[in-house]
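Asks: Dropping in final37.txt, with compact mmCIF, C-alpha atoms.
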```txt
# COMPACT_ATOMS: atom_id res chain seq x y z
CA MET A 27 18.13 0.98 15.21
CA GLU A 28 15.57 -1.52 16.29
CA VAL A 29 13.21 -2.89 13.67
CA SER A 30 9.48 -2.60 14.30
CA HIS A 31 7.78 -5.59 15.89
CA SER A 32 4.82 -5.22 13.61
CA ILE A 33 4.78 -7.29 10.42
CA ARG A 34 2.66 -4.65 8.78
CA GLU A 35 5.09 -1.85 9.62
CA ARG A 36 8.06 -3.89 8.45
CA THR A 37 6.34 -4.61 5.17
CA ILE A 38 5.40 -1.01 4.64
CA ALA A 39 8.93 0.10 5.46
CA GLU A 40 10.45 -2.48 3.16
CA ASN A 41 8.37 -1.26 0.27
CA SER A 42 8.89 2.46 0.63
CA LEU A 43 11.58 5.01 1.15
CA VAL A 44 10.55 5.49 4.75
CA ILE A 45 13.15 2.81 5.33
CA LEU A 46 15.76 5.42 4.53
CA LEU A 47 14.39 7.69 7.22
CA GLN A 48 14.47 4.83 9.68
CA GLY A 49 18.15 4.54 8.98
CA LEU A 50 18.60 8.07 10.26
CA HIS A 51 18.03 7.16 13.90
CA GLY A 52 20.53 9.11 15.97
CA GLN A 53 21.27 11.66 13.27
CA VAL A 54 20.62 15.34 13.62
CA THR A 55 18.44 16.51 10.80
CA THR A 56 15.88 19.10 9.80
CA VAL A 57 12.28 18.24 9.12
CA ASP A 58 10.22 20.69 7.09
CA LEU A 59 6.58 20.55 7.96
CA ARG A 60 3.60 21.05 5.73
CA ASP A 61 2.78 24.38 7.31
CA GLU A 62 6.26 25.64 6.50
CA SER A 63 7.58 25.44 10.00
CA THR A 64 10.77 23.50 10.56
CA ALA A 65 12.14 21.33 13.31
CA ARG A 66 15.81 20.51 13.68
CA GLY A 67 16.87 17.85 16.13
CA ARG A 68 18.14 14.34 16.67
CA VAL A 69 16.03 11.56 15.19
CA ILE A 70 14.79 9.26 17.91
CA ASN A 71 12.36 7.21 15.88
CA VAL A 72 10.63 7.09 12.53
CA ASP A 73 7.79 4.63 12.09
CA ALA A 74 6.30 3.18 8.94
CA PHE A 75 3.76 5.98 8.76
CA MET A 76 6.55 8.53 8.74
CA ASN A 77 5.65 9.77 12.20
CA ILE A 78 8.90 11.29 13.38
CA ARG A 79 10.13 11.76 16.90
CA LEU A 80 12.98 14.18 17.47
CA GLU A 81 14.80 15.30 20.58
CA LYS A 82 16.56 18.52 21.49
CA VAL A 83 14.73 20.37 18.83
CA LEU A 84 15.08 23.86 17.53
CA TYR A 85 11.65 24.64 16.22
CA ARG A 86 10.95 27.53 13.91
CA ASP A 87 7.28 28.16 13.40
CA ARG A 88 5.81 29.38 10.17
CA ARG A 89 6.19 32.97 11.24
CA GLY A 90 9.88 32.52 11.94
CA ARG A 91 9.72 32.49 15.71
CA MET A 92 12.25 30.15 17.23
CA SER A 93 11.81 28.05 20.30
CA SER A 94 13.41 24.95 21.65
CA MET A 95 11.61 21.76 22.45
CA ASP A 96 12.95 18.80 24.37
CA ASP A 97 10.97 16.16 22.56
CA LEU A 98 8.90 16.58 19.47
CA PHE A 99 6.56 14.21 17.64
CA VAL A 100 5.28 15.14 14.22
CA THR A 101 2.73 13.04 12.36
CA GLY A 102 3.78 11.65 9.01
CA ARG A 103 0.99 13.45 7.27
CA ASN A 104 2.45 16.79 8.23
CA VAL A 105 5.97 16.13 7.05
CA ARG A 106 6.92 17.81 3.83
CA TYR A 107 10.67 17.20 3.69
CA VAL A 108 13.24 15.41 5.73
CA HIS A 109 16.75 16.65 5.13
CA ILE A 110 19.19 13.81 4.74
CA PRO A 111 22.53 14.80 6.26
CA ASP A 112 25.26 15.14 3.63
CA HIS A 113 27.49 12.51 5.18
CA ILE A 114 24.86 9.80 4.95
CA ASN A 115 25.39 7.18 2.25
CA ILE A 116 21.83 6.68 1.13
CA ARG A 117 22.23 3.35 -0.58
CA GLU A 118 24.15 1.76 2.26
CA THR A 119 21.63 3.02 4.77
CA ILE A 120 18.76 1.49 2.83
CA GLU A 121 20.61 -1.79 2.38
CA SER A 122 21.51 -2.13 6.02
CA GLN A 123 17.93 -1.39 7.08
CA LEU A 124 16.66 -4.05 4.70
CA ALA A 125 19.17 -6.50 6.11
CA LYS A 126 17.90 -5.84 9.60
CA ILE A 127 14.35 -6.53 8.52
CA HIS A 128 15.38 -9.78 6.85
CA ARG A 129 17.23 -10.94 9.94
CA VAL A 130 14.19 -10.24 12.08
CA ARG A 131 11.97 -12.08 9.64
CA ASN A 132 14.08 -15.21 9.70
CA PHE A 133 14.57 -15.47 13.41
CA GLY A 134 11.76 -13.48 14.90
CA ALA A 135 9.01 -16.00 14.16
CA GLY A 136 10.36 -18.56 16.58
CA GLY A 137 9.35 -22.20 16.57
CA GLY A 138 10.98 -25.01 14.71
CA ARG A 139 12.56 -25.65 11.34
CA LYS A 140 15.42 -23.29 12.01
CA GLU A 141 17.70 -25.47 9.95
CA TYR A 142 15.77 -24.44 6.87
CA SER A 143 16.01 -20.78 7.65
CA LYS A 144 16.71 -18.71 4.58
CA LYS A 145 19.62 -16.92 6.14
CA LYS A 146 22.81 -18.23 4.66
CA MET B 115 -14.16 32.90 22.17
CA VAL B 116 -14.27 29.17 22.60
CA VAL B 117 -17.31 27.78 24.27
CA LEU B 118 -16.54 24.56 26.05
CA LYS B 119 -19.05 21.84 26.07
CA SER B 120 -20.02 19.39 28.68
CA LEU B 121 -18.74 15.99 27.71
CA PRO B 122 -18.35 12.80 29.64
CA PRO B 123 -14.72 11.93 30.29
CA PRO B 124 -13.47 8.86 28.41
CA SER B 125 -14.22 5.60 30.14
CA GLU B 126 -11.91 3.23 28.32
CA GLY B 127 -8.55 3.15 26.64
CA VAL B 128 -7.23 5.89 28.90
CA ARG B 129 -3.47 5.71 28.67
CA LEU B 130 -2.83 8.61 30.95
CA GLN B 131 -4.78 10.98 33.11
CA GLN B 132 -3.16 14.10 34.45
CA ALA B 133 -4.93 16.26 36.94
CA GLU B 134 -4.04 19.83 37.82
CA THR B 135 -3.27 20.60 34.25
CA THR B 136 -3.99 24.03 32.88
CA ALA B 137 -5.07 24.24 29.28
CA VAL B 138 -4.09 27.25 27.23
CA LEU B 139 -6.01 27.36 24.00
CA GLY B 140 -4.73 29.74 21.36
CA GLY B 141 -3.24 31.90 24.07
CA LYS B 142 -6.26 31.92 26.31
CA ARG B 143 -5.95 30.24 29.67
CA LEU B 144 -8.86 27.97 30.44
CA GLY B 145 -7.98 27.23 34.02
CA SER B 146 -6.95 24.06 35.71
CA GLY B 147 -8.43 20.73 34.80
CA THR B 148 -7.63 17.15 33.92
CA LEU B 149 -6.05 15.94 30.72
CA PHE B 150 -7.10 12.53 29.41
CA VAL B 151 -4.85 10.83 26.89
CA ALA B 152 -7.11 8.06 25.64
CA GLU B 153 -6.71 5.82 22.65
CA ALA B 154 -9.74 7.27 20.89
CA HIS B 155 -9.37 10.96 21.70
CA LEU B 156 -7.37 13.52 23.58
CA SER B 157 -9.57 15.47 25.95
CA TRP B 158 -9.43 17.96 28.73
CA PHE B 159 -12.05 18.94 31.30
CA ASP B 160 -12.11 21.64 33.88
CA GLY B 161 -13.52 21.34 37.37
CA SER B 162 -17.11 21.76 36.25
CA GLY B 163 -16.98 19.05 33.61
CA MET B 164 -16.74 21.39 30.66
CA GLY B 165 -14.04 20.65 28.20
CA PHE B 166 -12.96 19.87 24.69
CA CYS B 167 -11.96 16.83 22.80
CA LEU B 168 -9.43 16.37 20.01
CA GLU B 169 -9.16 13.69 17.36
CA TYR B 170 -5.65 12.37 16.84
CA PRO B 171 -5.72 12.72 13.06
CA SER B 172 -6.17 16.44 13.59
CA ILE B 173 -3.04 16.75 15.71
CA SER B 174 -0.07 17.75 13.56
CA LEU B 175 2.56 17.62 16.23
CA HIS B 176 3.12 17.61 19.93
CA ALA B 177 6.22 18.45 21.90
CA ILE B 178 7.65 19.08 25.33
CA SER B 179 8.61 22.69 25.62
CA ARG B 180 10.96 23.75 28.38
CA ASP B 181 11.92 26.95 26.66
CA LEU B 182 10.86 29.60 29.14
CA SER B 183 11.60 32.42 26.73
CA SER B 184 8.74 31.38 24.50
CA PHE B 185 6.28 30.49 27.24
CA PRO B 186 6.77 31.10 30.96
CA GLU B 187 6.13 27.52 32.05
CA GLU B 188 7.22 24.09 30.92
CA HIS B 189 4.38 22.51 29.06
CA LEU B 190 3.16 20.05 26.47
CA TYR B 191 2.65 21.88 23.20
CA VAL B 192 0.07 20.53 20.79
CA MET B 193 -0.53 21.86 17.31
CA VAL B 194 -3.91 21.02 15.93
CA ASN B 195 -4.63 21.21 12.24
CA ALA B 196 -8.08 22.59 12.78
CA LYS B 197 -10.10 25.38 14.21
CA LEU B 198 -12.00 24.86 17.39
CA ASP B 199 -15.53 25.84 16.50
CA ASP B 200 -18.27 26.94 18.83
CA GLU B 201 -18.98 23.41 19.95
CA GLY B 202 -15.58 22.84 21.47
CA ASP B 203 -14.70 20.11 18.98
CA ALA B 204 -11.77 20.44 16.70
CA GLU B 205 -12.95 19.78 13.20
CA GLN B 206 -10.21 18.69 10.93
CA GLN B 207 -9.60 21.41 8.44
CA ASP B 208 -9.05 19.19 5.46
CA LYS B 209 -12.60 17.89 5.50
CA ALA B 210 -15.32 19.83 3.75
CA PRO B 211 -16.31 22.43 6.33
CA ASP B 212 -20.03 22.42 6.90
CA ASP B 213 -20.90 23.97 10.23
CA SER B 214 -17.55 25.49 10.98
CA LEU B 215 -18.20 29.20 10.86
CA GLU B 216 -14.75 30.64 10.92
CA ASP B 217 -13.04 29.48 7.79
CA ASP B 218 -13.75 31.91 5.02
CA GLU B 219 -10.39 32.19 3.37
CA GLU B 220 -9.38 29.01 5.12
CA SER B 221 -11.81 26.84 3.24
CA ASP B 222 -9.33 25.50 0.73
CA SER B 223 -9.55 21.81 1.30
CA ASP B 224 -6.52 20.99 -0.76
CA SER B 225 -3.66 18.95 0.62
CA GLU B 226 -2.13 22.07 2.17
CA GLY B 227 -5.14 22.55 4.38
CA SER B 228 -2.98 23.68 7.24
CA ARG B 229 -3.59 27.40 7.10
CA THR B 230 -5.69 27.12 10.19
CA ILE B 231 -3.95 25.82 13.19
CA THR B 232 -4.74 25.94 16.81
CA GLU B 233 -2.01 25.90 19.39
CA ILE B 234 -2.81 24.28 22.68
CA ARG B 235 -0.56 24.12 25.67
CA PHE B 236 -1.13 21.75 28.54
CA VAL B 237 0.66 22.95 31.63
CA PRO B 238 0.74 20.34 34.38
CA SER B 239 1.53 21.45 37.87
CA ASP B 240 3.76 18.40 38.10
CA LYS B 241 6.46 18.99 35.52
CA SER B 242 7.76 15.46 35.80
CA ALA B 243 4.55 14.34 34.16
CA LEU B 244 5.52 15.95 30.88
CA GLU B 245 7.45 12.98 29.59
CA PRO B 246 4.74 10.41 30.33
CA MET B 247 2.19 12.76 28.78
CA PHE B 248 4.34 13.08 25.67
CA SER B 249 4.92 9.33 25.41
CA ALA B 250 1.27 8.50 25.91
CA MET B 251 0.36 10.86 23.10
CA CYS B 252 2.99 9.32 20.81
CA GLU B 253 1.53 5.89 21.43
CA CYS B 254 -2.01 7.01 20.77
CA GLN B 255 -0.97 8.88 17.63
CA ALA B 256 0.55 5.70 16.29
CA LEU B 257 -2.87 4.08 16.63
CA HIS B 258 -4.29 6.52 14.12
CA PRO B 259 -2.34 6.28 10.90
CA ASP B 260 -3.32 8.61 8.13
CA PRO B 261 -6.30 7.11 6.32
CA GLU B 262 -5.64 9.18 3.22
CA ASP B 263 -2.19 7.80 2.70
CA ALA B 264 -2.58 5.29 -0.14
CA ASP B 265 0.65 3.54 0.74
CA THR B 266 -0.73 2.24 4.00
CA ASP B 267 -3.57 0.36 2.36
CA ASP B 268 -4.09 -2.74 4.48
CA ASP B 269 -5.18 -4.93 1.64
CA ASP B 270 -1.90 -4.62 -0.13
CA TYR B 271 0.27 -5.40 2.82
CA GLU B 272 -1.53 -7.83 5.05
CA GLY B 273 0.12 -11.15 4.53
CA GLU B 274 2.34 -9.87 1.76
CA GLU B 275 5.44 -10.37 3.85
CA TYR B 276 6.43 -13.92 3.18
CA ASP B 277 6.45 -15.48 6.61
CA VAL B 278 8.09 -18.89 6.53
CA GLU B 279 6.27 -20.19 9.58
CA GLU B 280 2.91 -19.07 8.32
CA ALA B 281 3.39 -20.63 4.90
CA GLU B 282 4.42 -23.91 6.47
CA GLN B 283 1.29 -24.11 8.52
CA GLU B 284 -0.78 -23.55 5.44
CA GLN B 285 0.95 -25.80 2.99
CA GLY B 286 3.25 -28.12 4.81
CA HIS B 287 6.21 -27.30 2.62
CA GLY B 288 7.14 -23.79 3.42
CA ASP B 289 9.75 -23.19 0.79
CA ILE B 290 7.56 -24.04 -2.13
CA PRO B 291 4.77 -21.64 -2.83
CA THR B 292 3.70 -23.56 -5.91
CA PHE B 293 2.48 -26.65 -4.09
CA TYR B 294 -0.88 -27.81 -5.38
CA THR B 295 -3.58 -29.94 -3.90
CA TYR B 296 -4.78 -32.87 -5.98
CA GLU B 297 -7.54 -31.18 -7.94
CA GLU B 298 -5.61 -27.98 -8.56
CA GLY B 299 -2.52 -29.89 -9.48
CA LEU B 300 -4.21 -31.92 -12.18
CA SER B 301 -5.37 -28.80 -13.93
CA HIS B 302 -1.79 -27.54 -14.02
CA LEU B 303 -0.25 -30.67 -15.40
CA THR B 304 1.22 -30.49 -18.83
CA SER B 305 0.80 -33.46 -21.10
CA GLU B 306 4.32 -34.52 -20.19
CA GLY B 307 3.49 -34.20 -16.53
CA GLN B 308 0.37 -36.20 -17.04
CA ALA B 309 2.40 -38.92 -18.75
CA THR B 310 4.82 -38.97 -15.84
CA LEU B 311 1.97 -39.20 -13.41
CA ASP B 312 0.43 -42.05 -15.32
CA ARG B 313 3.71 -43.91 -15.44
CA LEU B 314 4.26 -43.56 -11.72
CA GLU B 315 0.77 -44.54 -10.87
CA GLY B 316 1.23 -47.58 -12.98
CA MET B 317 4.41 -48.48 -11.15
CA LEU B 318 2.70 -48.12 -7.84
CA ALA B 319 -0.28 -50.10 -8.95
CA GLN B 320 2.02 -52.98 -9.77
CA SER B 321 3.96 -52.85 -6.52
CA VAL B 322 1.32 -52.13 -3.94
CA ALA B 323 -2.04 -52.73 -5.52
CA GLN B 324 -4.18 -52.39 -2.40
CA GLN B 325 -2.70 -49.08 -1.45
CA TYR B 326 -3.06 -47.58 -4.87
CA HIS B 327 -5.13 -44.71 -3.63
CA MET B 328 -3.04 -44.03 -0.57
CA ALA B 329 0.60 -44.24 -1.35
CA GLY B 330 2.15 -41.38 -3.22
CA VAL B 331 -0.88 -40.37 -5.19
CA ARG B 332 -2.39 -37.23 -3.92
CA THR B 333 -5.81 -37.86 -2.51
CA ASP B 334 -8.36 -35.26 -1.58
CA GLU B 335 -6.71 -34.77 1.77
CA PRO B 336 -4.47 -31.76 2.14
CA SER B 337 -0.78 -32.32 1.66
CA THR B 338 -0.07 -31.85 5.33
CA ALA B 339 -1.47 -35.36 5.89
CA PHE B 340 1.69 -36.74 4.30
CA GLU B 341 4.23 -35.86 6.90
CA ASP B 342 6.62 -38.55 5.81
CA GLY B 343 8.64 -37.35 2.91
CA MET B 344 9.19 -40.90 1.76
CA GLU B 345 5.84 -40.93 -0.03
CA VAL B 346 6.28 -41.10 -3.74
CA ASP B 347 4.90 -37.98 -5.29
CA SER B 348 5.00 -37.28 -8.95
CA SER B 349 6.22 -33.87 -8.07
CA SER B 350 9.24 -35.37 -6.36
CA ILE B 351 10.53 -36.08 -9.82
CA ALA B 352 11.25 -32.44 -10.13
CA GLY B 353 13.13 -32.61 -6.86
CA GLN B 354 10.99 -29.88 -5.44
CA PHE B 355 10.54 -31.47 -2.05
CA ASP B 356 13.99 -32.76 -1.51
CA ASP B 357 14.85 -30.76 1.53
CA ALA B 358 11.41 -29.80 2.67
CA ASP B 359 11.10 -32.34 5.42
CA VAL B 360 12.78 -32.42 8.79
CA ASP B 361 11.69 -35.89 9.65
CA HIS B 362 14.49 -37.75 7.80
```
Now that the file is in, can you turn its structure into structure tokens?
Replies:
Amino acid sequence: MEVSHSIRERTIAENSLVILLQGLHGQVTTVDLRDESTARGRVINVDAFMNIRLEKVLYRDRRGRMSSMDDLFVTGRNVRYVHIPDHINIRETIESQLAKIHRVRNFGAGGGRKEYSKKK
Amino acid sequence: MVVLKSLPPPSEGVRLQQAETTAVLGGKRLGSGTLFVAEAHLSWFDGSGMGFCLEYPSISLHAISRDLSSFPEEHLYVMVNAKLDDEGDAEQQDKAPDDSLEDDEESDSDSEGSRTITEIRFVPSDKSALEPMFSAMCECQALHPDPEDADTDDDDYEGEEYDVEEAEQEQGHGDIPTFYTYEEGLSHLTSEGQATLDRLEGMLAQSVAQQYHMAGVRTDEPSTAFEDGMEVDSSSIAGQFDDADVDH
């Protein structure tokens, strides 16, 4: 999915495994929260701070009560685990996310000297 | 029982304001009021100006709930990692609790810290407002990254991404991070480099005596003064600046 417009967020993502989570956009996954509740839904967005937005969520609270939520946003601080779907190739996902960031970096700045862009 | 306090509504940074919104705090209906999603806080006030205010770092999650089996109306669900004390302010549970009266067994301020949660539901009369309310909260949450997360330390990351454009403005030769100004450069010269420099300077002195201090020898001016790559630099011996210049 789309790479963040913020240099700071791109740098954070590039230097941590949150970049793997960002590669999960569009996947259905389960997020375990710190308070032992869980949310299962489709990943809409993960930012560099691991804030996660899910849609069409089945939410189980810490007492086991289930409810469904259309849209859910959980702060990174409160995420304990994110389940990576079995079919995801972790290394390829990370590499393709890094490639996206590098493409943005080379062309996103604008201005001149494009002929000396690092992209080969 | 939560006692609301009289607070002024936010005056700036208000991303969204939703009137006719009932607040349900921990199961207790507080009546209809106005929700303010502002960049600094999330707050809600009833008709008489009494209300409560939440800090974004204390909000664990928020969601749009349309599941009528769990709550009879569509609403915005907000889980707060805190207990609303008598003053109507949510104090974040992870901090050392000083005047919060309720947390006896909850006072473990370890990283779990989430034993105490408060569930708040905002029920707007206009259900189509739920999505803008949700989005406004997402945006404001993003403005408050976790200060305790060591990985998001600004000092480490500001400027660490190597931005080609930015480096060019600073140094004039964007590809080469090891470009030195005159004084710095001299201190990095090896004896061989110094010999090379001397030889070149000698050559220049013979060819263009008057311009000895201008042509090719780095002066005190920054390197960006030499736009024309045809200047003879001792460093060009190493071929470092071969393709650094567009002006050929």
Asks: Calculate how many Å separate CA of Asn104 (chain A) from CA of Glu253 (chain B), rounding to one decimal.
Replies: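 Separation between CA of Asn104 (chain A) and CA of Glu253 (chain B): 17.1 Å.
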Asks: Which one of A:Gln123, A:Thr37, A:Ser63, A:Gln53 sits closest to chain B if you count only C-alpha atoms?
Replies: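 Of all the options, A:Thr37 lies closest to chain B.
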Asks: To one decimal place in Å, what is the distance between CA of Leu244 (chain B) and CA of Ala177 (chain B)?
Replies: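 Pair CA of Leu244 (chain B) / CA of Ala177 (chain B) returns 9.3 Å.
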Asks: For chain A, list the residues within 7 Å of chain B, counting all atoms listed in the file, and write the list as a list in words.
Replies: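 Residues passing the distance filter: Arg34, Thr37, Ile38, Arg60, Asp61, Phe75, Ser93, Ser94, Met95, Asp96, Asp97, Leu98, Phe99, Val100, Thr101, Arg103, Asn104 and Ala135 of chain A.
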Asks: Generate the output file for the selected residues, C-alpha atoms, as a compact mmCIF listing (two decimals), keeping the file's coordinate frame.
Replies:
```txt
# COMPACT_ATOMS: atom_id res chain seq x y z
CA ARG A 34 2.66 -4.65 8.78
CA THR A 37 6.34 -4.61 5.17
CA ILE A 38 5.40 -1.01 4.64
CA ARG A 60 3.60 21.05 5.73
CA ASP A 61 2.78 24.38 7.31
CA PHE A 75 3.76 5.98 8.76
CA SER A 93 11.81 28.05 20.30
CA SER A 94 13.41 24.95 21.65
CA MET A 95 11.61 21.76 22.45
CA ASP A 96 12.95 18.80 24.37
CA ASP A 97 10.97 16.16 22.56
CA LEU A 98 8.90 16.58 19.47
CA PHE A 99 6.56 14.21 17.64
CA VAL A 100 5.28 15.14 14.22
CA THR A 101 2.73 13.04 12.36
CA ARG A 103 0.99 13.45 7.27
CA ASN A 104 2.45 16.79 8.23
CA ALA A 135 9.01 -16.00 14.16
```
Asks: To one decimal place, how far is CA of Asn71 (chain A) from CA of Ala125 (chain A) in Å?
Replies: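 CA of Ala125 (chain A) lies 18.2 Å from CA of Asn71 (chain A).
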Asks: Give the answer as one residue: which of B:Ala309, B:Met317, B:Val138, B:Cys254 has the shortest atom-to-atom distance to Asn77 (chain A), using all atoms listed in the file?
Replies: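 Counting all atoms listed in the file, the residue closest to Asn77 (chain A) is B:Cys254.
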Asks: What lies within 12 Å of Gly127 (chain B) using all atoms listed in the file, ignoring chain neighbours under 3 positions off, as a list in words?
Replies: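 Listing them by chain and then by number gives Pro123, Pro124, Leu130, Gln131, Phe150, Val151, Ala152, Glu153, Ala154, His155, Leu156, Ala250, Glu253, Cys254 and Leu257 of chain B.
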Asks: Taking into account all atoms listed in the file, which residue in the set B:Leu149, B:Asp312, B:Gly140, B:Ala319 is nearest to Gly165 (chain B)?
Replies: B:Leu149
Asks: Near Tyr107 (chain A), within 9 Å and counting all atoms listed in the file, which residues show up once chain neighbours fewer than 2 positions away are dropped, as a PyMOL selection string?
Replies: chain A and resi 56-60+105+109
Asks: For region 44-49 of chain A, please output as JSON, numbers by chain all residues within 8 Å (counting all atoms listed in the file; exclusion window: fewer than 2 positions along the same chain).
Replies: {"A": [27, 39, 40, 42, 51, 71, 72, 73, 74, 75, 76, 108, 116, 119, 120, 123, 124]}
Asks: Closest to Glu169 (chain B) among B:Ala196, B:Pro122, B:Ser146, B:Gln132, using all atoms listed in the file?
Replies: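 Closest to Glu169 (chain B) of all the choices is B:Ala196.
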